[in-house]
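Only one structure is covered here, and it is reproduced in the block below.
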Amino acid sequence: MAADGFYPIGTPGRPWGDTEKAQWLLRQRKQRSYADEVLDAVERLRPRFDVVQYGQLEYPPDHYPLFALKSRDWDDALPTMLVTGGVHGYETSGVQGALRFAARHAGDYAGRANVVTVPCVSPWGYERIHRWDPYALDPNRNFIAHSPAPESAALMRFVAPFRERVLMHIDLHETTDTDESEFRPALAARDGKPFEPGTIPDGFYLCADSENPQPGFQQAVIAAVAMVTHIAPADPDGTIIGSRMVAAGVIEYPLVAWGLCAGITAARWRTTTEVYPDSPRATPEQCNAAQAAAACAAVDYALAHA
């Protein structure tokens, strides 16, 4: 964001058109490799899972195959657990935490649950360390019918055959300092609205479903993560990023109404994680471990209370 408070693209007060979106796209640069950091890890897990290519994103000159890891001993009589990461590509521990869960823990549930791990929903964003896709769309507001975001549409198509059988879905995210320095200003500029400065929570928190909050489930996840890293406190006004904290480290969003990933199934238990990788009190390793711990606690709770 420019020093004068204006985002460097567009005219304040006027939503972006195609010209501004094209200008924004020209500013995006690859900063890391989806093939090296995600696809190689998926390939190493192939002997232990059914690796399913559920789609491919065509963003010339780039091509991004989309993969899910499914339990090899799939049994329709068992409950299904869904773990997703990288809906926002720049949120590194969402991707690496999902891969860590698959590599270290998913196999522990053989014979008790079908586990599906989708480690990187938005590979274009992962490579460019960005929240949006090339169309300046936020995939995590576009899990809706006839979605204009290809990443969201592909995941919804993949999940559709078993969405009614999903018992638990946990979607792994981060809240970073760049939310405040880049992504919220960009959102305000794109939509022709004034940028209103906010805060970044220092620690882990959850976004529960306001229509089905399941507080016991949320607190079980928080308790497990608290063994790995610190839980975000509320701001002085009792909120986390402007939403009322309903329990330690828990806020609520209307997941389905807002088109969020955690609302794409009929899961009884569902939540969105948020870690703070820029905290001086947390390392990347802790963030990845916290995401995996959250996924394990979510599956364990669902199995214990099914």
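Ordering of the structure tokens sets the chain letters (A, B, ...), residue numbers begin anew at 1 in every chain, and ligands are numbered from 1 in the order given.
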
Pick out the residues sitting within 10 Å of Glu58 of chain A, and hand them over as a PDB file with N, CA and C atoms, in the first residue's frame; count only C-alpha atoms, and ignore anything fewer than 6 positions along from it in its own chain.
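What landed in out.pdb:
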ATOM      1  N   TYR A  64      -1.733 -26.299 -13.459  1.00  0.00           N
ATOM      2  CA  TYR A  64      -1.674 -26.758 -12.078  1.00  0.00           C
ATOM      3  C   TYR A  64      -2.596 -27.948 -11.859  1.00  0.00           C
ATOM      4  N   PRO A  65      -2.053 -29.169 -11.814  1.00  0.00           N
ATOM      5  CA  PRO A  65      -2.890 -30.310 -11.446  1.00  0.00           C
ATOM      6  C   PRO A  65      -3.254 -30.227  -9.958  1.00  0.00           C
ATOM      7  N   TRP A 124      -1.825 -21.531  -7.762  1.00  0.00           N
ATOM      8  CA  TRP A 124      -1.358 -20.272  -8.350  1.00  0.00           C
ATOM      9  C   TRP A 124      -1.062 -19.272  -7.235  1.00  0.00           C
ATOM     10  N   PRO A 150     -12.202 -20.843 -10.288  1.00  0.00           N
ATOM     11  CA  PRO A 150     -11.967 -22.230 -10.705  1.00  0.00           C
ATOM     12  C   PRO A 150     -11.487 -23.129  -9.575  1.00  0.00           C
TER      13      PRO A 150
END

Next item on the list: Among the residues of segment 108-288 of chain A, find those DSSP assigns to helix (DSSP H, G or I) from the backbone and print them as a PyMOL selection string.
Entry: chain A and resi 108-109+123-128+139-141+150-165+177-191+215-225+261-263+284-288

List the spatial neighbours of Val275 of chain A as a short mmCIF file (atom, residue, chain, number, x, y, z; two decimals) with N, CA and C atoms, in the first residue's frame - criterion: any atom at most 8 Å away, only C-alpha atoms, same-chain residues fewer than 3 positions off excluded.
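And here's selection-v2.cif as it stands now:
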data_model
loop_
_atom_site.label_atom_id
_atom_site.label_comp_id
_atom_site.auth_asym_id
_atom_site.auth_seq_id
_atom_site.Cartn_x
_atom_site.Cartn_y
_atom_site.Cartn_z
N HIS A 173 -5.95 -22.48 7.76
CA HIS A 173 -5.64 -21.13 7.29
C HIS A 173 -4.62 -20.45 8.20
N GLU A 174 -4.15 -19.27 7.77
CA GLU A 174 -3.31 -18.38 8.56
C GLU A 174 -3.87 -16.96 8.50
N THR A 175 -3.55 -16.17 9.51
CA THR A 175 -3.73 -14.72 9.45
C THR A 175 -2.35 -14.11 9.57
N GLY A 203 -1.65 -15.28 17.60
CA GLY A 203 -1.89 -16.63 18.08
C GLY A 203 -2.88 -17.37 17.22
N PHE A 204 -3.18 -18.58 17.65
CA PHE A 204 -4.09 -19.48 16.95
C PHE A 204 -5.53 -19.19 17.38
N TYR A 205 -6.45 -19.26 16.41
CA TYR A 205 -7.87 -19.17 16.74
C TYR A 205 -8.68 -19.94 15.71
N CYS A 287 3.86 -23.65 13.64
CA CYS A 287 2.63 -23.39 12.89
C CYS A 287 2.18 -24.64 12.15
N ALA A 290 0.92 -27.07 14.70
CA ALA A 290 -0.39 -26.67 15.23
C ALA A 290 -1.52 -27.05 14.28
N GLN A 291 -1.29 -26.87 12.98
CA GLN A 291 -2.31 -27.24 12.01
C GLN A 291 -2.57 -28.75 12.05
#

Which residues are near segment 111-118 of chain A? Cut-off 6 Å, only C-alpha atoms, ignore same chain within fewer than 3 positions. Put them as a PDB file with N, CA and C atoms, in the first residue's frame.
ATOM      1  N   ALA A  68      -5.800 -34.754  -4.360  1.00  0.00           N
ATOM      2  CA  ALA A  68      -6.284 -35.123  -3.030  1.00  0.00           C
ATOM      3  C   ALA A  68      -5.690 -36.461  -2.656  1.00  0.00           C
ATOM      4  N   LEU A  69      -5.500 -36.662  -1.370  1.00  0.00           N
ATOM      5  CA  LEU A  69      -5.011 -37.924  -0.822  1.00  0.00           C
ATOM      6  C   LEU A  69      -6.168 -38.597  -0.087  1.00  0.00           C
ATOM      7  N   LYS A  70      -6.541 -39.788  -0.529  1.00  0.00           N
ATOM      8  CA  LYS A  70      -7.666 -40.509   0.070  1.00  0.00           C
ATOM      9  C   LYS A  70      -7.183 -41.793   0.733  1.00  0.00           C
ATOM     10  N   SER A  71      -7.865 -42.177   1.789  1.00  0.00           N
ATOM     11  CA  SER A  71      -7.547 -43.435   2.456  1.00  0.00           C
ATOM     12  C   SER A  71      -7.541 -44.573   1.456  1.00  0.00           C
ATOM     13  N   TRP A  74     -10.648 -47.304   1.682  1.00  0.00           N
ATOM     14  CA  TRP A  74     -11.932 -46.574   1.734  1.00  0.00           C
ATOM     15  C   TRP A  74     -13.100 -47.535   1.929  1.00  0.00           C
ATOM     16  N   LEU A  78     -17.864 -46.302   6.754  1.00  0.00           N
ATOM     17  CA  LEU A  78     -17.144 -45.515   7.754  1.00  0.00           C
ATOM     18  C   LEU A  78     -17.415 -44.024   7.567  1.00  0.00           C
ATOM     19  N   PRO A  79     -17.284 -43.241   8.645  1.00  0.00           N
ATOM     20  CA  PRO A  79     -17.420 -41.787   8.501  1.00  0.00           C
ATOM     21  C   PRO A  79     -16.254 -41.226   7.702  1.00  0.00           C
ATOM     22  N   THR A  80     -16.498 -40.116   7.028  1.00  0.00           N
ATOM     23  CA  THR A  80     -15.476 -39.473   6.211  1.00  0.00           C
ATOM     24  C   THR A  80     -15.036 -38.167   6.859  1.00  0.00           C
ATOM     25  N   MET A  81     -13.719 -37.971   6.917  1.00  0.00           N
ATOM     26  CA  MET A  81     -13.116 -36.773   7.492  1.00  0.00           C
ATOM     27  C   MET A  81     -12.382 -36.029   6.378  1.00  0.00           C
ATOM     28  N   LEU A  82     -12.612 -34.733   6.278  1.00  0.00           N
ATOM     29  CA  LEU A  82     -12.029 -33.910   5.217  1.00  0.00           C
ATOM     30  C   LEU A  82     -11.118 -32.848   5.816  1.00  0.00           C
ATOM     31  N   VAL A  83      -9.887 -32.818   5.335  1.00  0.00           N
ATOM     32  CA  VAL A  83      -8.913 -31.806   5.746  1.00  0.00           C
ATOM     33  C   VAL A  83      -8.475 -31.060   4.488  1.00  0.00           C
ATOM     34  N   THR A  84      -8.649 -29.747   4.482  1.00  0.00           N
ATOM     35  CA  THR A  84      -8.271 -28.932   3.334  1.00  0.00           C
ATOM     36  C   THR A  84      -7.266 -27.868   3.751  1.00  0.00           C
TER      37      THR A  84
END

Margin query: Using DSSP secondary structure from the backbone, list all strand (DSSP E) positions within segment 12-215 of chain A, as a PyMOL selection string.
Written below: chain A and resi 49-59+62-71+80-85+114-118+166-172+205-209

Note to self: For segment 223-234 of chain A, find every residue with an atom within 12 Å (counting only C-alpha atoms), except residues of its own chain fewer than 4 positions away, and show them as a ChimeraX atom specification.
What the structure shows: /A:175,199-206,216-219,238-251,273-277,279-301

Notebook entry, point to check: Which residues, written as JSON, numbers by chain, have at least one atom at most 10 Å from segment 183-192 of chain A, with only C-alpha atoms counted and residues fewer than 2 positions away on the same chain left out?
Noted result: {"A": [1, 2, 5, 6, 7, 8, 9, 10, 11, 12, 13, 14, 15, 16, 17, 20, 21, 24, 130, 131, 132, 136, 137, 138, 176, 177, 178, 179, 180, 181, 194, 195, 196, 197, 198]}

How would the residues just picked look written out with N, CA and C atoms as a short mmCIF file (atom, residue, chain, number, x, y, z; two decimals), in the first residue's frame?
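What follows is the written file part-v1.cif:
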data_model
loop_
_atom_site.label_atom_id
_atom_site.label_comp_id
_atom_site.auth_asym_id
_atom_site.auth_seq_id
_atom_site.Cartn_x
_atom_site.Cartn_y
_atom_site.Cartn_z
N MET A 1 0.85 -1.19 0.00
CA MET A 1 0.00 0.00 0.00
C MET A 1 0.88 1.24 0.00
N ALA A 2 0.50 2.24 -0.75
CA ALA A 2 1.30 3.46 -0.86
C ALA A 2 1.33 4.21 0.47
N GLY A 5 -1.62 6.05 1.85
CA GLY A 5 -2.79 5.29 2.26
C GLY A 5 -3.59 4.72 1.12
N PHE A 6 -3.26 5.08 -0.14
CA PHE A 6 -4.00 4.58 -1.28
C PHE A 6 -3.28 3.37 -1.87
N TYR A 7 -4.07 2.38 -2.28
CA TYR A 7 -3.50 1.25 -2.98
C TYR A 7 -3.05 1.71 -4.36
N PRO A 8 -1.92 1.18 -4.88
CA PRO A 8 -1.35 1.74 -6.11
C PRO A 8 -2.10 1.40 -7.39
N ILE A 9 -3.22 0.74 -7.30
CA ILE A 9 -4.01 0.42 -8.48
C ILE A 9 -5.41 0.97 -8.29
N GLY A 10 -5.95 1.56 -9.32
CA GLY A 10 -7.33 2.01 -9.28
C GLY A 10 -7.49 3.42 -8.77
N THR A 11 -8.75 3.86 -8.76
CA THR A 11 -9.13 5.19 -8.30
C THR A 11 -9.93 5.05 -7.02
N PRO A 12 -9.51 5.72 -5.93
CA PRO A 12 -10.25 5.59 -4.67
C PRO A 12 -11.74 5.83 -4.86
N GLY A 13 -12.53 4.95 -4.31
CA GLY A 13 -13.97 5.07 -4.39
C GLY A 13 -14.60 4.44 -5.61
N ARG A 14 -13.79 3.90 -6.52
CA ARG A 14 -14.31 3.30 -7.75
C ARG A 14 -13.87 1.84 -7.84
N PRO A 15 -14.79 0.89 -7.90
CA PRO A 15 -14.40 -0.52 -8.01
C PRO A 15 -13.58 -0.77 -9.26
N TRP A 16 -12.71 -1.78 -9.17
CA TRP A 16 -11.88 -2.14 -10.31
C TRP A 16 -12.71 -2.68 -11.46
N GLY A 17 -12.28 -2.36 -12.65
CA GLY A 17 -12.77 -3.00 -13.85
C GLY A 17 -11.71 -3.92 -14.40
N GLU A 20 -8.01 -2.47 -14.33
CA GLU A 20 -7.32 -2.49 -13.03
C GLU A 20 -6.94 -3.91 -12.64
N LYS A 21 -7.81 -4.87 -12.92
CA LYS A 21 -7.48 -6.26 -12.60
C LYS A 21 -6.29 -6.74 -13.41
N TRP A 24 -3.21 -5.27 -11.84
CA TRP A 24 -2.88 -6.03 -10.63
C TRP A 24 -2.19 -7.35 -11.00
N HIS A 130 -0.07 -15.28 -2.56
CA HIS A 130 -1.19 -14.35 -2.64
C HIS A 130 -2.49 -15.00 -2.19
N ARG A 131 -3.40 -14.16 -1.79
CA ARG A 131 -4.69 -14.61 -1.29
C ARG A 131 -5.66 -14.93 -2.42
N TRP A 132 -5.55 -14.19 -3.53
CA TRP A 132 -6.52 -14.29 -4.61
C TRP A 132 -6.06 -15.25 -5.70
N ALA A 136 -8.40 -11.98 -9.50
CA ALA A 136 -8.58 -11.12 -8.34
C ALA A 136 -9.81 -11.54 -7.54
N LEU A 137 -10.06 -12.85 -7.51
CA LEU A 137 -11.14 -13.42 -6.71
C LEU A 137 -10.56 -14.14 -5.50
N ASP A 138 -11.24 -14.02 -4.38
CA ASP A 138 -10.87 -14.74 -3.17
C ASP A 138 -11.57 -16.10 -3.20
N THR A 176 -1.93 -13.35 8.58
CA THR A 176 -0.55 -12.85 8.52
C THR A 176 -0.50 -11.33 8.59
N ASP A 177 0.69 -10.81 8.83
CA ASP A 177 0.86 -9.36 8.81
C ASP A 177 0.51 -8.77 7.45
N THR A 178 0.74 -9.53 6.38
CA THR A 178 0.44 -9.01 5.06
C THR A 178 -1.06 -8.89 4.81
N ASP A 179 -1.89 -9.51 5.65
CA ASP A 179 -3.32 -9.25 5.55
C ASP A 179 -3.58 -7.75 5.70
N GLU A 180 -2.87 -7.13 6.62
CA GLU A 180 -3.09 -5.72 6.91
C GLU A 180 -2.32 -4.81 5.96
N SER A 181 -1.14 -5.25 5.50
CA SER A 181 -0.32 -4.39 4.66
C SER A 181 -0.64 -4.51 3.18
N PRO A 194 -13.25 2.47 1.20
CA PRO A 194 -12.10 2.97 1.95
C PRO A 194 -11.47 1.85 2.77
N PHE A 195 -10.15 1.89 2.89
CA PHE A 195 -9.46 0.92 3.72
C PHE A 195 -9.57 1.33 5.18
N GLU A 196 -10.04 0.40 6.00
CA GLU A 196 -10.17 0.65 7.44
C GLU A 196 -9.16 -0.23 8.17
N PRO A 197 -8.12 0.37 8.75
CA PRO A 197 -7.10 -0.42 9.42
C PRO A 197 -7.69 -1.32 10.51
N GLY A 198 -7.10 -2.49 10.64
CA GLY A 198 -7.56 -3.44 11.64
C GLY A 198 -6.39 -3.99 12.44
#

Note to self: Give me the residues near Ala41 of chain A as a VMD selection string, where near means some atom within 12 Å (using only C-alpha atoms) and where sequence neighbours in that chain fewer than 2 positions away do not count.
What the structure shows: chain A and resid 33 to 39 43 to 47 51 67 to 69 95 to 100 102 to 103 119 to 120

Go ahead and save the picked residues with N, CA and C atoms, as an mmCIF file, in the first residue's frame.
data_model
loop_
_atom_site.group_PDB
_atom_site.id
_atom_site.type_symbol
_atom_site.label_atom_id
_atom_site.label_comp_id
_atom_site.auth_asym_id
_atom_site.auth_seq_id
_atom_site.Cartn_x
_atom_site.Cartn_y
_atom_site.Cartn_z
ATOM 1 N N SER A 33 7.820 -22.736 -5.657
ATOM 2 C CA SER A 33 7.400 -23.747 -6.619
ATOM 3 C C SER A 33 6.374 -24.696 -6.021
ATOM 4 N N TYR A 34 5.207 -24.729 -6.603
ATOM 5 C CA TYR A 34 4.174 -25.711 -6.237
ATOM 6 C C TYR A 34 4.671 -27.128 -6.529
ATOM 7 N N ALA A 35 5.353 -27.295 -7.644
ATOM 8 C CA ALA A 35 5.851 -28.623 -8.005
ATOM 9 C C ALA A 35 6.841 -29.137 -6.974
ATOM 10 N N ASP A 36 7.776 -28.281 -6.555
ATOM 11 C CA ASP A 36 8.812 -28.714 -5.620
ATOM 12 C C ASP A 36 8.291 -28.880 -4.198
ATOM 13 N N GLU A 37 7.426 -27.979 -3.761
ATOM 14 C CA GLU A 37 7.041 -27.934 -2.357
ATOM 15 C C GLU A 37 5.753 -28.686 -2.048
ATOM 16 N N VAL A 38 4.938 -28.950 -3.068
ATOM 17 C CA VAL A 38 3.669 -29.641 -2.827
ATOM 18 C C VAL A 38 3.599 -30.948 -3.619
ATOM 19 N N LEU A 39 3.757 -30.866 -4.929
ATOM 20 C CA LEU A 39 3.595 -32.072 -5.742
ATOM 21 C C LEU A 39 4.628 -33.133 -5.402
ATOM 22 N N GLU A 43 3.740 -36.878 -4.152
ATOM 23 C CA GLU A 43 4.292 -38.068 -4.816
ATOM 24 C C GLU A 43 4.927 -39.014 -3.797
ATOM 25 N N ARG A 44 5.591 -38.451 -2.808
ATOM 26 C CA ARG A 44 6.207 -39.301 -1.780
ATOM 27 C C ARG A 44 5.160 -40.049 -0.961
ATOM 28 N N LEU A 45 3.946 -39.518 -0.911
ATOM 29 C CA LEU A 45 2.882 -40.160 -0.140
ATOM 30 C C LEU A 45 2.064 -41.147 -0.970
ATOM 31 N N ARG A 46 2.345 -41.224 -2.253
ATOM 32 C CA ARG A 46 1.556 -42.080 -3.138
ATOM 33 C C ARG A 46 1.521 -43.545 -2.688
ATOM 34 N N PRO A 47 2.602 -44.124 -2.169
ATOM 35 C CA PRO A 47 2.518 -45.535 -1.742
ATOM 36 C C PRO A 47 1.543 -45.774 -0.604
ATOM 37 N N VAL A 51 -3.960 -41.428 -4.507
ATOM 38 C CA VAL A 51 -3.755 -40.050 -4.940
ATOM 39 C C VAL A 51 -4.679 -39.783 -6.117
ATOM 40 N N PHE A 67 -4.602 -32.168 -6.546
ATOM 41 C CA PHE A 67 -4.584 -33.519 -6.009
ATOM 42 C C PHE A 67 -5.208 -33.592 -4.616
ATOM 43 N N ALA A 68 -5.800 -34.754 -4.360
ATOM 44 C CA ALA A 68 -6.284 -35.123 -3.030
ATOM 45 C C ALA A 68 -5.690 -36.461 -2.656
ATOM 46 N N LEU A 69 -5.500 -36.662 -1.370
ATOM 47 C CA LEU A 69 -5.011 -37.924 -0.822
ATOM 48 C C LEU A 69 -6.168 -38.597 -0.087
ATOM 49 N N VAL A 95 -1.010 -25.306 3.897
ATOM 50 C CA VAL A 95 -0.559 -26.320 2.941
ATOM 51 C C VAL A 95 0.363 -27.320 3.622
ATOM 52 N N GLN A 96 1.409 -26.818 4.268
ATOM 53 C CA GLN A 96 2.388 -27.709 4.873
ATOM 54 C C GLN A 96 1.824 -28.445 6.083
ATOM 55 N N GLY A 97 0.885 -27.827 6.785
ATOM 56 C CA GLY A 97 0.231 -28.522 7.895
ATOM 57 C C GLY A 97 -0.645 -29.663 7.409
ATOM 58 N N ALA A 98 -1.328 -29.464 6.278
ATOM 59 C CA ALA A 98 -2.140 -30.544 5.705
ATOM 60 C C ALA A 98 -1.255 -31.697 5.254
ATOM 61 N N LEU A 99 -0.126 -31.377 4.626
ATOM 62 C CA LEU A 99 0.801 -32.428 4.207
ATOM 63 C C LEU A 99 1.391 -33.144 5.413
ATOM 64 N N ARG A 100 1.672 -32.412 6.458
ATOM 65 C CA ARG A 100 2.205 -33.023 7.686
ATOM 66 C C ARG A 100 1.179 -33.957 8.303
ATOM 67 N N ALA A 102 -1.197 -35.556 6.737
ATOM 68 C CA ALA A 102 -1.291 -36.746 5.892
ATOM 69 C C ALA A 102 -0.111 -37.675 6.126
ATOM 70 N N ALA A 103 1.096 -37.115 6.189
ATOM 71 C CA ALA A 103 2.297 -37.938 6.306
ATOM 72 C C ALA A 103 2.422 -38.610 7.663
ATOM 73 N N PRO A 119 -4.292 -30.843 0.072
ATOM 74 C CA PRO A 119 -3.295 -29.972 0.692
ATOM 75 C C PRO A 119 -3.176 -28.574 0.111
ATOM 76 N N CYS A 120 -3.507 -28.386 -1.171
ATOM 77 C CA CYS A 120 -3.295 -27.060 -1.770
ATOM 78 C C CYS A 120 -4.382 -26.778 -2.793
#

Margin query: So the first atom is atom CA of Arg268 of chain A and the second is atom CA of Ala220 of chain A; what is the distance between them in Å, to one decimal place?
Written below: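 Atom-to-atom, atom CA of Arg268 of chain A to atom CA of Ala220 of chain A, that is 14.8 Å.
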
Notebook entry, point to check: Given the choices A:Tyr135, A:Tyr54, A:Trp258, A:Tyr253, which gets closest to Ala149 of chain A if the distance is worked out from only C-alpha atoms?
Noted result: A:Tyr135

Notebook entry, point to check: So how far away is atom CA of Glu91 of chain A from atom CA of Phe162 of chain A, in Å?
Noted result: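 Atom-to-atom, atom CA of Phe162 of chain A to atom CA of Glu91 of chain A, that is 26.6 Å.
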